[in-house]
>>> print(open('target31.cif').read())   # mmCIF, C-alpha atoms
data_coords
#
loop_
_atom_site.group_PDB
_atom_site.id
_atom_site.type_symbol
_atom_site.label_atom_id
_atom_site.label_comp_id
_atom_site.auth_asym_id
_atom_site.auth_seq_id
_atom_site.Cartn_x
_atom_site.Cartn_y
_atom_site.Cartn_z
ATOM 1 C CA MET O 1 1.401 -41.117 9.820
ATOM 2 C CA GLU O 2 0.300 -40.723 6.203
ATOM 3 C CA PHE O 3 2.565 -38.674 3.947
ATOM 4 C CA PHE O 4 1.422 -35.759 1.854
ATOM 5 C CA ASN O 5 3.509 -33.148 0.077
ATOM 6 C CA SER O 6 2.980 -30.015 2.154
ATOM 7 C CA TYR O 7 4.882 -27.915 -0.383
ATOM 8 C CA LYS O 8 2.132 -28.308 -2.988
ATOM 9 C CA ASP O 9 0.189 -25.565 -1.265
ATOM 10 C CA GLU O 10 -0.304 -21.903 -2.234
ATOM 11 C CA ILE O 11 0.198 -20.532 1.282
ATOM 12 C CA ARG O 12 3.354 -22.585 1.787
ATOM 13 C CA ALA O 13 4.648 -21.563 -1.644
ATOM 14 C CA LYS O 14 4.295 -17.860 -0.800
ATOM 15 C CA ALA O 15 6.035 -18.349 2.544
ATOM 16 C CA TYR O 16 8.800 -20.457 0.979
ATOM 17 C CA SER O 17 9.480 -17.779 -1.631
ATOM 18 C CA LYS O 18 10.696 -15.439 1.132
ATOM 19 C CA LEU O 19 13.429 -17.766 2.366
ATOM 20 C CA GLU O 20 17.002 -16.576 2.005
ATOM 21 C CA PHE O 21 20.407 -18.200 2.487
ATOM 22 C CA GLN O 22 20.592 -17.599 6.211
ATOM 23 C CA ASN O 23 20.552 -19.477 9.530
ATOM 24 C CA THR O 24 20.593 -23.262 9.067
ATOM 25 C CA TYR O 25 19.982 -22.804 5.337
ATOM 26 C CA TYR O 26 23.307 -20.961 5.124
ATOM 27 C CA LEU O 27 25.105 -24.226 5.887
ATOM 28 C CA ALA O 28 23.213 -26.026 3.132
ATOM 29 C CA TYR O 29 24.611 -23.708 0.451
ATOM 30 C CA ARG O 30 27.912 -22.523 1.972
ATOM 31 C CA ASP O 31 30.104 -25.268 0.505
ATOM 32 C CA LEU O 32 28.313 -25.791 -2.812
ATOM 33 C CA PRO O 33 30.282 -23.228 -4.873
ATOM 34 C CA GLY O 34 33.585 -24.887 -3.941
ATOM 35 C CA ILE O 35 32.254 -28.393 -4.560
ATOM 36 C CA ILE O 36 30.821 -27.404 -7.918
ATOM 37 C CA LYS O 37 33.990 -25.579 -9.009
ATOM 38 C CA LYS O 38 36.115 -28.611 -8.153
ATOM 39 C CA TYR O 39 34.013 -31.359 -9.718
ATOM 40 C CA VAL O 40 31.642 -29.929 -12.360
ATOM 41 C CA LYS O 41 32.680 -29.205 -15.940
ATOM 42 C CA GLY O 42 30.359 -27.271 -18.219
ATOM 43 C CA LYS O 43 27.569 -24.806 -17.510
ATOM 44 C CA ASN O 44 24.286 -26.606 -18.241
ATOM 45 C CA ALA O 45 22.388 -27.262 -15.005
ATOM 46 C CA LEU O 46 19.046 -28.649 -13.919
ATOM 47 C CA ASP O 47 17.470 -27.743 -10.592
ATOM 48 C CA PHE O 48 15.232 -30.678 -9.666
ATOM 49 C CA GLY O 49 12.456 -29.640 -7.287
ATOM 50 C CA CYS O 50 13.248 -25.970 -7.770
ATOM 51 C CA GLY O 51 10.326 -24.691 -5.683
ATOM 52 C CA THR O 52 10.144 -20.933 -6.042
ATOM 53 C CA GLY O 53 13.522 -20.832 -7.767
ATOM 54 C CA ARG O 54 15.924 -20.058 -4.933
ATOM 55 C CA SER O 55 18.402 -22.796 -5.931
ATOM 56 C CA THR O 56 17.956 -22.068 -9.643
ATOM 57 C CA ARG O 57 18.907 -18.442 -9.134
ATOM 58 C CA PHE O 58 21.816 -19.633 -6.966
ATOM 59 C CA LEU O 59 23.087 -21.676 -9.921
ATOM 60 C CA GLN O 60 22.577 -18.744 -12.289
ATOM 61 C CA LYS O 61 24.808 -16.583 -10.098
ATOM 62 C CA LEU O 62 27.490 -19.270 -10.357
ATOM 63 C CA GLY O 63 27.381 -18.847 -14.128
ATOM 64 C CA PHE O 64 25.129 -21.769 -15.065
ATOM 65 C CA ASP O 65 22.450 -21.865 -17.710
ATOM 66 C CA ALA O 66 19.974 -23.327 -15.215
ATOM 67 C CA VAL O 67 16.542 -24.848 -15.754
ATOM 68 C CA GLY O 68 14.223 -25.258 -12.763
ATOM 69 C CA ILE O 69 11.584 -28.006 -12.642
ATOM 70 C CA ASP O 70 8.924 -28.729 -10.038
ATOM 71 C CA ILE O 71 5.598 -30.555 -9.622
ATOM 72 C CA SER O 72 3.971 -27.655 -7.770
ATOM 73 C CA ARG O 73 2.115 -25.210 -10.001
ATOM 74 C CA ASP O 74 2.050 -22.613 -7.190
ATOM 75 C CA MET O 75 5.822 -22.844 -6.741
ATOM 76 C CA ILE O 76 6.531 -22.552 -10.470
ATOM 77 C CA THR O 77 4.168 -19.581 -10.798
ATOM 78 C CA ILE O 78 6.040 -17.687 -8.095
ATOM 79 C CA ALA O 79 9.440 -18.684 -9.511
ATOM 80 C CA ARG O 80 8.480 -17.187 -12.870
ATOM 81 C CA LYS O 81 7.313 -13.960 -11.221
ATOM 82 C CA LEU O 82 10.525 -13.632 -9.210
ATOM 83 C CA ASP O 83 12.706 -14.431 -12.207
ATOM 84 C CA PRO O 84 10.867 -13.525 -15.454
ATOM 85 C CA LYS O 85 13.910 -14.285 -17.596
ATOM 86 C CA GLY O 86 14.465 -17.677 -15.991
ATOM 87 C CA ASN O 87 13.434 -21.075 -17.356
ATOM 88 C CA TYR O 88 10.972 -22.837 -15.042
ATOM 89 C CA ILE O 89 9.039 -25.914 -16.140
ATOM 90 C CA LEU O 90 6.073 -27.590 -14.482
ATOM 91 C CA ILE O 91 6.335 -31.379 -14.680
ATOM 92 C CA GLU O 92 4.304 -34.338 -13.523
ATOM 93 C CA ASN O 93 5.783 -36.853 -11.074
ATOM 94 C CA GLY O 94 8.887 -38.277 -12.726
ATOM 95 C CA ASP O 95 7.867 -37.186 -16.222
ATOM 96 C CA PHE O 96 11.042 -35.845 -17.774
ATOM 97 C CA THR O 97 9.783 -35.976 -21.365
ATOM 98 C CA LYS O 98 9.948 -32.180 -21.630
ATOM 99 C CA LEU O 99 13.681 -32.534 -21.018
ATOM 100 C CA SER O 100 14.295 -35.717 -23.004
ATOM 101 C CA ASN O 101 16.610 -34.032 -25.509
ATOM 102 C CA GLN O 102 18.634 -32.216 -22.860
ATOM 103 C CA PHE O 103 21.749 -33.437 -21.075
ATOM 104 C CA TYR O 104 23.194 -31.667 -18.072
ATOM 105 C CA ASP O 105 26.630 -31.109 -16.571
ATOM 106 C CA LEU O 106 25.055 -30.660 -13.145
ATOM 107 C CA ILE O 107 21.757 -31.702 -11.616
ATOM 108 C CA LEU O 108 21.067 -30.147 -8.239
ATOM 109 C CA SER O 109 18.385 -31.435 -5.913
ATOM 110 C CA ALA O 110 18.167 -29.254 -2.819
ATOM 111 C CA PHE O 111 15.836 -30.739 -0.169
ATOM 112 C CA SER O 112 13.533 -32.301 -2.777
ATOM 113 C CA PHE O 113 14.191 -35.929 -1.854
ATOM 114 C CA ASP O 114 13.283 -35.182 1.767
ATOM 115 C CA ASN O 115 9.675 -34.986 0.544
ATOM 116 C CA ILE O 116 9.643 -37.950 -1.826
ATOM 117 C CA PRO O 117 8.324 -41.363 -0.709
ATOM 118 C CA MET O 118 10.907 -44.141 -0.549
ATOM 119 C CA GLU O 119 9.270 -46.201 -3.284
ATOM 120 C CA LYS O 120 9.704 -43.344 -5.806
ATOM 121 C CA LYS O 121 13.317 -42.477 -5.115
ATOM 122 C CA VAL O 122 14.978 -45.101 -7.328
ATOM 123 C CA PHE O 123 12.651 -44.300 -10.228
ATOM 124 C CA LEU O 124 13.425 -40.580 -9.994
ATOM 125 C CA PHE O 125 17.187 -40.963 -9.577
ATOM 126 C CA SER O 126 17.239 -43.329 -12.567
ATOM 127 C CA GLY O 127 15.388 -40.709 -14.615
ATOM 128 C CA LEU O 128 17.763 -37.960 -13.529
ATOM 129 C CA SER O 129 20.747 -40.173 -14.345
ATOM 130 C CA ASN O 130 19.451 -40.472 -17.903
ATOM 131 C CA LEU O 131 19.543 -36.662 -18.190
ATOM 132 C CA LEU O 132 23.152 -36.478 -17.033
ATOM 133 C CA LYS O 133 26.105 -36.089 -19.361
ATOM 134 C CA LYS O 134 28.679 -38.870 -19.265
ATOM 135 C CA ASP O 135 30.955 -36.957 -16.884
ATOM 136 C CA GLY O 136 28.145 -34.943 -15.254
ATOM 137 C CA LYS O 137 27.436 -34.782 -11.533
ATOM 138 C CA ILE O 138 24.324 -34.894 -9.361
ATOM 139 C CA ILE O 139 24.305 -33.075 -6.043
ATOM 140 C CA ASN O 140 21.656 -34.401 -3.680
ATOM 141 C CA LEU O 141 21.307 -32.107 -0.676
ATOM 142 C CA VAL O 142 19.104 -33.602 2.047
ATOM 143 C CA CYS O 143 18.367 -33.367 5.747
ATOM 144 C CA SER O 144 20.500 -35.548 7.975
ATOM 145 C CA PRO O 145 18.527 -37.968 10.191
ATOM 146 C CA GLU O 146 19.584 -35.800 13.145
ATOM 147 C CA MET O 147 17.692 -32.856 11.668
ATOM 148 C CA TYR O 148 14.417 -34.344 12.902
ATOM 149 C CA ILE O 149 15.358 -34.813 16.568
ATOM 150 C CA TYR O 150 17.142 -31.569 17.524
ATOM 151 C CA GLU O 151 16.494 -27.827 17.515
ATOM 152 C CA TRP O 152 18.057 -25.557 14.907
ATOM 153 C CA ALA O 153 18.314 -21.907 13.959
ATOM 154 C CA SER O 154 15.812 -22.483 11.124
ATOM 155 C CA PHE O 155 13.856 -25.511 12.342
ATOM 156 C CA SER O 156 12.080 -26.951 15.355
ATOM 157 C CA THR O 157 11.165 -30.557 16.173
ATOM 158 C CA LYS O 158 10.495 -30.257 19.923
ATOM 159 C CA ASP O 159 6.766 -30.801 19.406
ATOM 160 C CA PHE O 160 7.435 -34.141 17.739
ATOM 161 C CA PRO O 161 9.234 -36.404 20.238
ATOM 162 C CA GLU O 162 8.095 -39.410 18.238
ATOM 163 C CA ASN O 163 10.707 -38.506 15.626
ATOM 164 C CA LYS O 164 13.350 -40.029 17.927
ATOM 165 C CA TYR O 165 11.941 -43.463 17.187
ATOM 166 C CA ALA O 166 11.435 -42.994 13.446
ATOM 167 C CA LYS O 167 12.950 -45.507 11.061
ATOM 168 C CA SER O 168 13.941 -45.062 7.456
ATOM 169 C CA GLY O 169 10.785 -44.560 5.420
ATOM 170 C CA ASP O 170 8.761 -43.104 8.313
ATOM 171 C CA VAL O 171 7.095 -39.700 8.092
ATOM 172 C CA VAL O 172 8.807 -37.090 10.310
ATOM 173 C CA PRO O 173 7.212 -33.664 10.932
ATOM 174 C CA ILE O 174 9.361 -30.559 11.237
ATOM 175 C CA ILE O 175 8.566 -26.837 11.500
ATOM 176 C CA THR O 176 10.485 -24.165 9.618
ATOM 177 C CA THR O 177 10.901 -21.111 11.850
ATOM 178 C CA ASP O 178 12.336 -18.798 9.177
ATOM 179 C CA PHE O 179 8.931 -17.906 7.749
ATOM 180 C CA GLU O 180 5.464 -17.117 9.071
ATOM 181 C CA ASP O 181 3.763 -20.358 8.004
ATOM 182 C CA ASN O 182 4.240 -22.416 11.179
ATOM 183 C CA ARG O 183 2.444 -25.518 9.962
ATOM 184 C CA PRO O 184 4.736 -28.543 10.011
ATOM 185 C CA CYS O 185 6.222 -30.023 6.899
ATOM 186 C CA TYR O 186 6.034 -33.799 6.701
ATOM 187 C CA ASP O 187 9.299 -35.238 5.449
ATOM 188 C CA ILE O 188 10.309 -38.854 5.024
ATOM 189 C CA LEU O 189 13.332 -40.090 6.933
ATOM 190 C CA CYS O 190 15.988 -41.772 4.823
ATOM 191 C CA THR O 191 19.227 -43.023 6.369
ATOM 192 C CA ASP O 192 22.652 -42.905 4.784
ATOM 193 C CA LYS O 193 22.536 -46.703 4.436
ATOM 194 C CA ASP O 194 19.292 -46.531 2.461
ATOM 195 C CA TYR O 195 20.464 -43.644 0.284
ATOM 196 C CA ARG O 196 23.523 -45.678 -0.662
ATOM 197 C CA LYS O 197 21.277 -48.582 -1.607
ATOM 198 C CA ILE O 198 19.023 -46.270 -3.636
ATOM 199 C CA TYR O 199 21.963 -44.769 -5.524
ATOM 200 C CA ASN O 200 23.325 -48.222 -6.336
ATOM 201 C CA GLU O 201 19.950 -49.382 -7.661
ATOM 202 C CA SER O 202 19.733 -46.200 -9.747
ATOM 203 C CA GLY O 203 23.097 -46.785 -11.422
ATOM 204 C CA LEU O 204 24.785 -43.948 -9.530
ATOM 205 C CA LYS O 205 27.976 -43.872 -7.464
ATOM 206 C CA ILE O 206 28.938 -41.618 -4.575
ATOM 207 C CA LYS O 207 31.937 -39.477 -5.455
ATOM 208 C CA LYS O 208 32.045 -37.570 -2.145
ATOM 209 C CA THR O 209 29.880 -36.968 0.907
ATOM 210 C CA TYR O 210 29.849 -33.743 2.930
ATOM 211 C CA ASN O 211 28.385 -32.976 6.370
ATOM 212 C CA PRO O 212 28.530 -29.179 6.832
ATOM 213 C CA ILE O 213 29.112 -27.903 10.365
ATOM 214 C CA ALA O 214 28.999 -24.270 11.528
ATOM 215 C CA LYS O 215 32.351 -22.794 12.529
ATOM 216 C CA GLY O 216 30.838 -20.584 15.218
ATOM 217 C CA ASP O 217 31.945 -17.240 13.795
ATOM 218 C CA GLU O 218 28.988 -16.811 11.438
ATOM 219 C CA PRO O 219 26.443 -14.010 12.113
ATOM 220 C CA TYR O 220 23.719 -16.448 13.188
ATOM 221 C CA ARG O 221 22.413 -17.734 16.501
ATOM 222 C CA TRP O 222 23.360 -21.360 16.229
ATOM 223 C CA ILE O 223 21.689 -23.946 18.430
ATOM 224 C CA ASN O 224 23.150 -27.329 17.482
ATOM 225 C CA GLU O 225 24.773 -26.445 14.155
ATOM 226 C CA THR O 226 28.300 -26.162 15.587
ATOM 227 C CA ARG O 227 28.347 -29.769 16.781
ATOM 228 C CA ILE O 228 25.864 -31.680 14.599
ATOM 229 C CA SER O 229 25.453 -31.432 10.854
ATOM 230 C CA PRO O 230 21.844 -30.744 9.843
ATOM 231 C CA TRP O 231 22.538 -31.568 6.194
ATOM 232 C CA VAL O 232 24.124 -34.246 4.049
ATOM 233 C CA ILE O 233 25.500 -33.353 0.631
ATOM 234 C CA TYR O 234 25.960 -36.320 -1.720
ATOM 235 C CA LEU O 235 28.051 -35.779 -4.852
ATOM 236 C CA LEU O 236 26.994 -38.448 -7.345
ATOM 237 C CA GLU O 237 28.136 -39.647 -10.771
ATOM 238 C CA LYS O 238 27.368 -42.447 -13.198
#
>>> encode(input="target31.cif", output="structure tokens")
Amino acid sequence: MEFFNSYKDEIRAKAYSKLEFQNTYYLAYRDLPGIIKKYVKGKNALDFGCGTGRSTRFLQKLGFDAVGIDISRDMITIARKLDPKGNYILIENGDFTKLSNQFYDLILSAFSFDNIPMEKKVFLFSGLSNLLKKDGKIINLVCSPEMYIYEWASFSTKDFPENKYAKSGDVVPIITTDFEDNRPCYDILCTDKDYRKIYNESGLKIKKTYNPIAKGDEPYRWINETRISPWVIYLLEK
């Protein structure tokens, strides 16, 4: 299956802008404040692949001076409307020249690398590493491989049984059920083994890895979240 970035789409951008921190997405963000408080010094942050600014505004609420960047003009346009005082920058693929004089205490990538082809990952992580302060941290939040073969409060993969046989680098469709646009998104599967290889080639080291699981007492109708982690959170450093 050929990959294309389904988030570079006006209809998808409008739907994505309505997402909140609930259901399966709650688990993606639940532990971030504690992780950031423990490991990140300073308040300059970059949100790589900011979309419509949800993660950027999340960082702002944690006290960061946050800049959001994305390759989707539609996403950036909506982000600026939702947050007129925010700083959102449209960039080309891997072109960080607009940020070349900036160095960040924290770079957050929430779900962005799920949509990036394997052959571009090392290039992009190397570029992000160059924007990081000496003691800065990168948080790469991605879907676990299990995300694409089970049902979730926010996602469905039952129409794509072929995902069970996907290998690292294969395109895996998934449907987000938290908004009205029910067209599948086409992600690219990347295993933990391959992410570790990518980080090493990019000059980055894993400080910690987290696999958030639901406790069962949250106000959401969990499906598999209490026994399987849908997300992987990599805390990276130089």
>>> resolve_selection(input="target31.cif", expression="the PyMOL selection byres ((chain O and resi 16) around 12)", output="ChimeraX atom specification")
/O:6-15,17-21,50-54,74-76,78-79,176-182,185
>>> residues_around(input="target31.cif", residues="region 39-48 of chain O", least_positions_apart="6", cutoff="7 Å", atoms="all atoms listed in the file", output="mmCIF file with C-alpha atoms, in the coordinates of the input")
data_model
loop_
_atom_site.group_PDB
_atom_site.id
_atom_site.type_symbol
_atom_site.label_atom_id
_atom_site.label_comp_id
_atom_site.auth_asym_id
_atom_site.auth_seq_id
_atom_site.Cartn_x
_atom_site.Cartn_y
_atom_site.Cartn_z
ATOM 1 C CA SER O 55 18.402 -22.796 -5.931
ATOM 2 C CA THR O 56 17.956 -22.068 -9.643
ATOM 3 C CA GLY O 63 27.381 -18.847 -14.128
ATOM 4 C CA PHE O 64 25.129 -21.769 -15.065
ATOM 5 C CA ASP O 65 22.450 -21.865 -17.710
ATOM 6 C CA ALA O 66 19.974 -23.327 -15.215
ATOM 7 C CA VAL O 67 16.542 -24.848 -15.754
ATOM 8 C CA GLY O 68 14.223 -25.258 -12.763
ATOM 9 C CA ILE O 69 11.584 -28.006 -12.642
ATOM 10 C CA ASP O 70 8.924 -28.729 -10.038
ATOM 11 C CA TYR O 104 23.194 -31.667 -18.072
ATOM 12 C CA ASP O 105 26.630 -31.109 -16.571
ATOM 13 C CA LEU O 106 25.055 -30.660 -13.145
ATOM 14 C CA ILE O 107 21.757 -31.702 -11.616
ATOM 15 C CA LEU O 108 21.067 -30.147 -8.239
ATOM 16 C CA SER O 109 18.385 -31.435 -5.913
ATOM 17 C CA GLY O 136 28.145 -34.943 -15.254
ATOM 18 C CA LYS O 137 27.436 -34.782 -11.533
#
>>> closest_atom_pairs(input="target31.cif", of="region 101-171 of chain O", to="region 221-235 of chain O", cutoff="9 Å", atoms="all atoms listed in the file", output="JSON lines")
{"residue": "O:Lys137", "atom": "CA", "partner": "O:Leu235", "partner_atom": "CA", "distance": 6.8}
{"residue": "O:Ile138", "atom": "CA", "partner": "O:Leu235", "partner_atom": "CA", "distance": 5.9}
{"residue": "O:Ile139", "atom": "CA", "partner": "O:Leu235", "partner_atom": "CA", "distance": 4.8}
{"residue": "O:Asn140", "atom": "CA", "partner": "O:Tyr234", "partner_atom": "CA", "distance": 5.1}
{"residue": "O:Leu141", "atom": "CA", "partner": "O:Ile233", "partner_atom": "CA", "distance": 4.6}
{"residue": "O:Val142", "atom": "CA", "partner": "O:Val232", "partner_atom": "CA", "distance": 5.4}
{"residue": "O:Cys143", "atom": "CA", "partner": "O:Trp231", "partner_atom": "CA", "distance": 4.6}
{"residue": "O:Ser144", "atom": "CA", "partner": "O:Trp231", "partner_atom": "CA", "distance": 4.8}
{"residue": "O:Pro145", "atom": "CA", "partner": "O:Pro230", "partner_atom": "CA", "distance": 8.0}
{"residue": "O:Glu146", "atom": "CA", "partner": "O:Pro230", "partner_atom": "CA", "distance": 6.4}
{"residue": "O:Met147", "atom": "CA", "partner": "O:Pro230", "partner_atom": "CA", "distance": 5.0}
{"residue": "O:Tyr148", "atom": "CA", "partner": "O:Pro230", "partner_atom": "CA", "distance": 8.8}
{"residue": "O:Tyr150", "atom": "CA", "partner": "O:Asn224", "partner_atom": "CA", "distance": 7.4}
{"residue": "O:Glu151", "atom": "CA", "partner": "O:Ile223", "partner_atom": "CA", "distance": 6.5}
{"residue": "O:Trp152", "atom": "CA", "partner": "O:Ile223", "partner_atom": "CA", "distance": 5.3}
{"residue": "O:Ala153", "atom": "CA", "partner": "O:Trp222", "partner_atom": "CA", "distance": 5.6}
>>> atom_distance(input="target31.cif", atom1="CA of Lys197 (chain O)", atom2="CA of Leu131 (chain O)")
20.5 Å
>>> resolve_selection(input="target31.cif", expression="the PyMOL selection byres ((chain O and resi 122) around 12)", output="PDB file with C-alpha atoms, keeping the file's coordinate frame")
ATOM      1  CA  GLY O  94       8.887 -38.277 -12.726  1.00  0.00           C
ATOM      2  CA  PHE O 113      14.191 -35.929  -1.854  1.00  0.00           C
ATOM      3  CA  ILE O 116       9.643 -37.950  -1.826  1.00  0.00           C
ATOM      4  CA  PRO O 117       8.324 -41.363  -0.709  1.00  0.00           C
ATOM      5  CA  MET O 118      10.907 -44.141  -0.549  1.00  0.00           C
ATOM      6  CA  GLU O 119       9.270 -46.201  -3.284  1.00  0.00           C
ATOM      7  CA  LYS O 120       9.704 -43.344  -5.806  1.00  0.00           C
ATOM      8  CA  LYS O 121      13.317 -42.477  -5.115  1.00  0.00           C
ATOM      9  CA  PHE O 123      12.651 -44.300 -10.228  1.00  0.00           C
ATOM     10  CA  LEU O 124      13.425 -40.580  -9.994  1.00  0.00           C
ATOM     11  CA  PHE O 125      17.187 -40.963  -9.577  1.00  0.00           C
ATOM     12  CA  SER O 126      17.239 -43.329 -12.567  1.00  0.00           C
ATOM     13  CA  GLY O 127      15.388 -40.709 -14.615  1.00  0.00           C
ATOM     14  CA  LEU O 128      17.763 -37.960 -13.529  1.00  0.00           C
ATOM     15  CA  SER O 129      20.747 -40.173 -14.345  1.00  0.00           C
ATOM     16  CA  ASP O 194      19.292 -46.531   2.461  1.00  0.00           C
ATOM     17  CA  TYR O 195      20.464 -43.644   0.284  1.00  0.00           C
ATOM     18  CA  ARG O 196      23.523 -45.678  -0.662  1.00  0.00           C
ATOM     19  CA  LYS O 197      21.277 -48.582  -1.607  1.00  0.00           C
ATOM     20  CA  ILE O 198      19.023 -46.270  -3.636  1.00  0.00           C
ATOM     21  CA  TYR O 199      21.963 -44.769  -5.524  1.00  0.00           C
ATOM     22  CA  ASN O 200      23.325 -48.222  -6.336  1.00  0.00           C
ATOM     23  CA  GLU O 201      19.950 -49.382  -7.661  1.00  0.00           C
ATOM     24  CA  SER O 202      19.733 -46.200  -9.747  1.00  0.00           C
ATOM     25  CA  GLY O 203      23.097 -46.785 -11.422  1.00  0.00           C
ATOM     26  CA  LEU O 204      24.785 -43.948  -9.530  1.00  0.00           C
TER      27      LEU O 204
END
>>> closest_residue(input="target31.cif", among="O:Lys164, O:Ser156, O:Ser112, O:Leu62", to="Asp187 (chain O)", atoms="only C-alpha atoms")
O:Ser112
>>> atom_distance(input="target31.cif", atom1="CA of Ile149 (chain O)", atom2="CA of Asn93 (chain O)")
29.3 Å
>>> closest_residue(input="target31.cif", among="O:Asn101, O:Asn87, O:Thr157, O:Asn163", to="Leu132 (chain O)", atoms="all atoms listed in the file")
O:Asn101
>>> atom_distance(input="target31.cif", atom1="CA of Pro173 (chain O)", atom2="CA of Phe160 (chain O)")
6.8 Å
>>> closest_residue(input="target31.cif", among="O:Asp114, O:Asp95, O:Ile206, O:Gly216", to="Ser168 (chain O)", atoms="only C-alpha atoms")
O:Asp114
>>> closest_residue(input="target31.cif", among="O:Phe111, O:Phe58, O:Phe103, O:Phe155", to="Leu32 (chain O)", atoms="all atoms listed in the file")
O:Phe58
>>> closest_residue(input="target31.cif", among="O:Leu236, O:Ala166, O:Leu82, O:Ile175", to="Ile35 (chain O)", atoms="all atoms listed in the file")
O:Leu236
>>> build_atoms(input="target31.cif", residues="region 126-141 of chain O", atoms="N, CA and C atoms", output="PDB file, in the frame of the given file")
ATOM      1  N   SER O 126      16.939 -42.689 -11.277  1.00  0.00           N
ATOM      2  CA  SER O 126      17.239 -43.329 -12.567  1.00  0.00           C
ATOM      3  C   SER O 126      16.903 -42.376 -13.712  1.00  0.00           C
ATOM      4  N   GLY O 127      15.767 -41.678 -13.600  1.00  0.00           N
ATOM      5  CA  GLY O 127      15.388 -40.709 -14.615  1.00  0.00           C
ATOM      6  C   GLY O 127      16.349 -39.549 -14.699  1.00  0.00           C
ATOM      7  N   LEU O 128      16.796 -39.059 -13.549  1.00  0.00           N
ATOM      8  CA  LEU O 128      17.763 -37.960 -13.529  1.00  0.00           C
ATOM      9  C   LEU O 128      19.106 -38.407 -14.099  1.00  0.00           C
ATOM     10  N   SER O 129      19.493 -39.640 -13.808  1.00  0.00           N
ATOM     11  CA  SER O 129      20.747 -40.173 -14.345  1.00  0.00           C
ATOM     12  C   SER O 129      20.732 -40.174 -15.860  1.00  0.00           C
ATOM     13  N   ASN O 130      19.579 -40.448 -16.448  1.00  0.00           N
ATOM     14  CA  ASN O 130      19.451 -40.472 -17.903  1.00  0.00           C
ATOM     15  C   ASN O 130      19.593 -39.082 -18.519  1.00  0.00           C
ATOM     16  N   LEU O 131      19.404 -38.039 -17.706  1.00  0.00           N
ATOM     17  CA  LEU O 131      19.543 -36.662 -18.190  1.00  0.00           C
ATOM     18  C   LEU O 131      20.950 -36.114 -17.989  1.00  0.00           C
ATOM     19  N   LEU O 132      21.813 -36.924 -17.402  1.00  0.00           N
ATOM     20  CA  LEU O 132      23.152 -36.478 -17.033  1.00  0.00           C
ATOM     21  C   LEU O 132      24.152 -36.775 -18.150  1.00  0.00           C
ATOM     22  N   LYS O 133      25.020 -35.828 -18.424  1.00  0.00           N
ATOM     23  CA  LYS O 133      26.105 -36.089 -19.361  1.00  0.00           C
ATOM     24  C   LYS O 133      27.021 -37.173 -18.792  1.00  0.00           C
ATOM     25  N   LYS O 134      27.836 -37.746 -19.658  1.00  0.00           N
ATOM     26  CA  LYS O 134      28.679 -38.870 -19.265  1.00  0.00           C
ATOM     27  C   LYS O 134      29.533 -38.555 -18.050  1.00  0.00           C
ATOM     28  N   ASP O 135      30.104 -37.357 -18.013  1.00  0.00           N
ATOM     29  CA  ASP O 135      30.955 -36.957 -16.884  1.00  0.00           C
ATOM     30  C   ASP O 135      30.247 -35.960 -15.965  1.00  0.00           C
ATOM     31  N   GLY O 136      28.903 -35.874 -16.077  1.00  0.00           N
ATOM     32  CA  GLY O 136      28.145 -34.943 -15.254  1.00  0.00           C
ATOM     33  C   GLY O 136      28.038 -35.393 -13.802  1.00  0.00           C
ATOM     34  N   LYS O 137      27.551 -34.503 -12.964  1.00  0.00           N
ATOM     35  CA  LYS O 137      27.436 -34.782 -11.533  1.00  0.00           C
ATOM     36  C   LYS O 137      26.026 -34.427 -11.045  1.00  0.00           C
ATOM     37  N   ILE O 138      25.556 -35.202 -10.082  1.00  0.00           N
ATOM     38  CA  ILE O 138      24.324 -34.894  -9.361  1.00  0.00           C
ATOM     39  C   ILE O 138      24.696 -34.524  -7.936  1.00  0.00           C
ATOM     40  N   ILE O 139      24.151 -33.434  -7.455  1.00  0.00           N
ATOM     41  CA  ILE O 139      24.305 -33.075  -6.043  1.00  0.00           C
ATOM     42  C   ILE O 139      22.946 -33.248  -5.378  1.00  0.00           C
ATOM     43  N   ASN O 140      22.880 -34.171  -4.442  1.00  0.00           N
ATOM     44  CA  ASN O 140      21.656 -34.401  -3.680  1.00  0.00           C
ATOM     45  C   ASN O 140      21.868 -33.872  -2.269  1.00  0.00           C
ATOM     46  N   LEU O 141      21.218 -32.765  -1.979  1.00  0.00           N
ATOM     47  CA  LEU O 141      21.307 -32.107  -0.676  1.00  0.00           C
ATOM     48  C   LEU O 141      20.056 -32.445   0.128  1.00  0.00           C
TER      49      LEU O 141
END
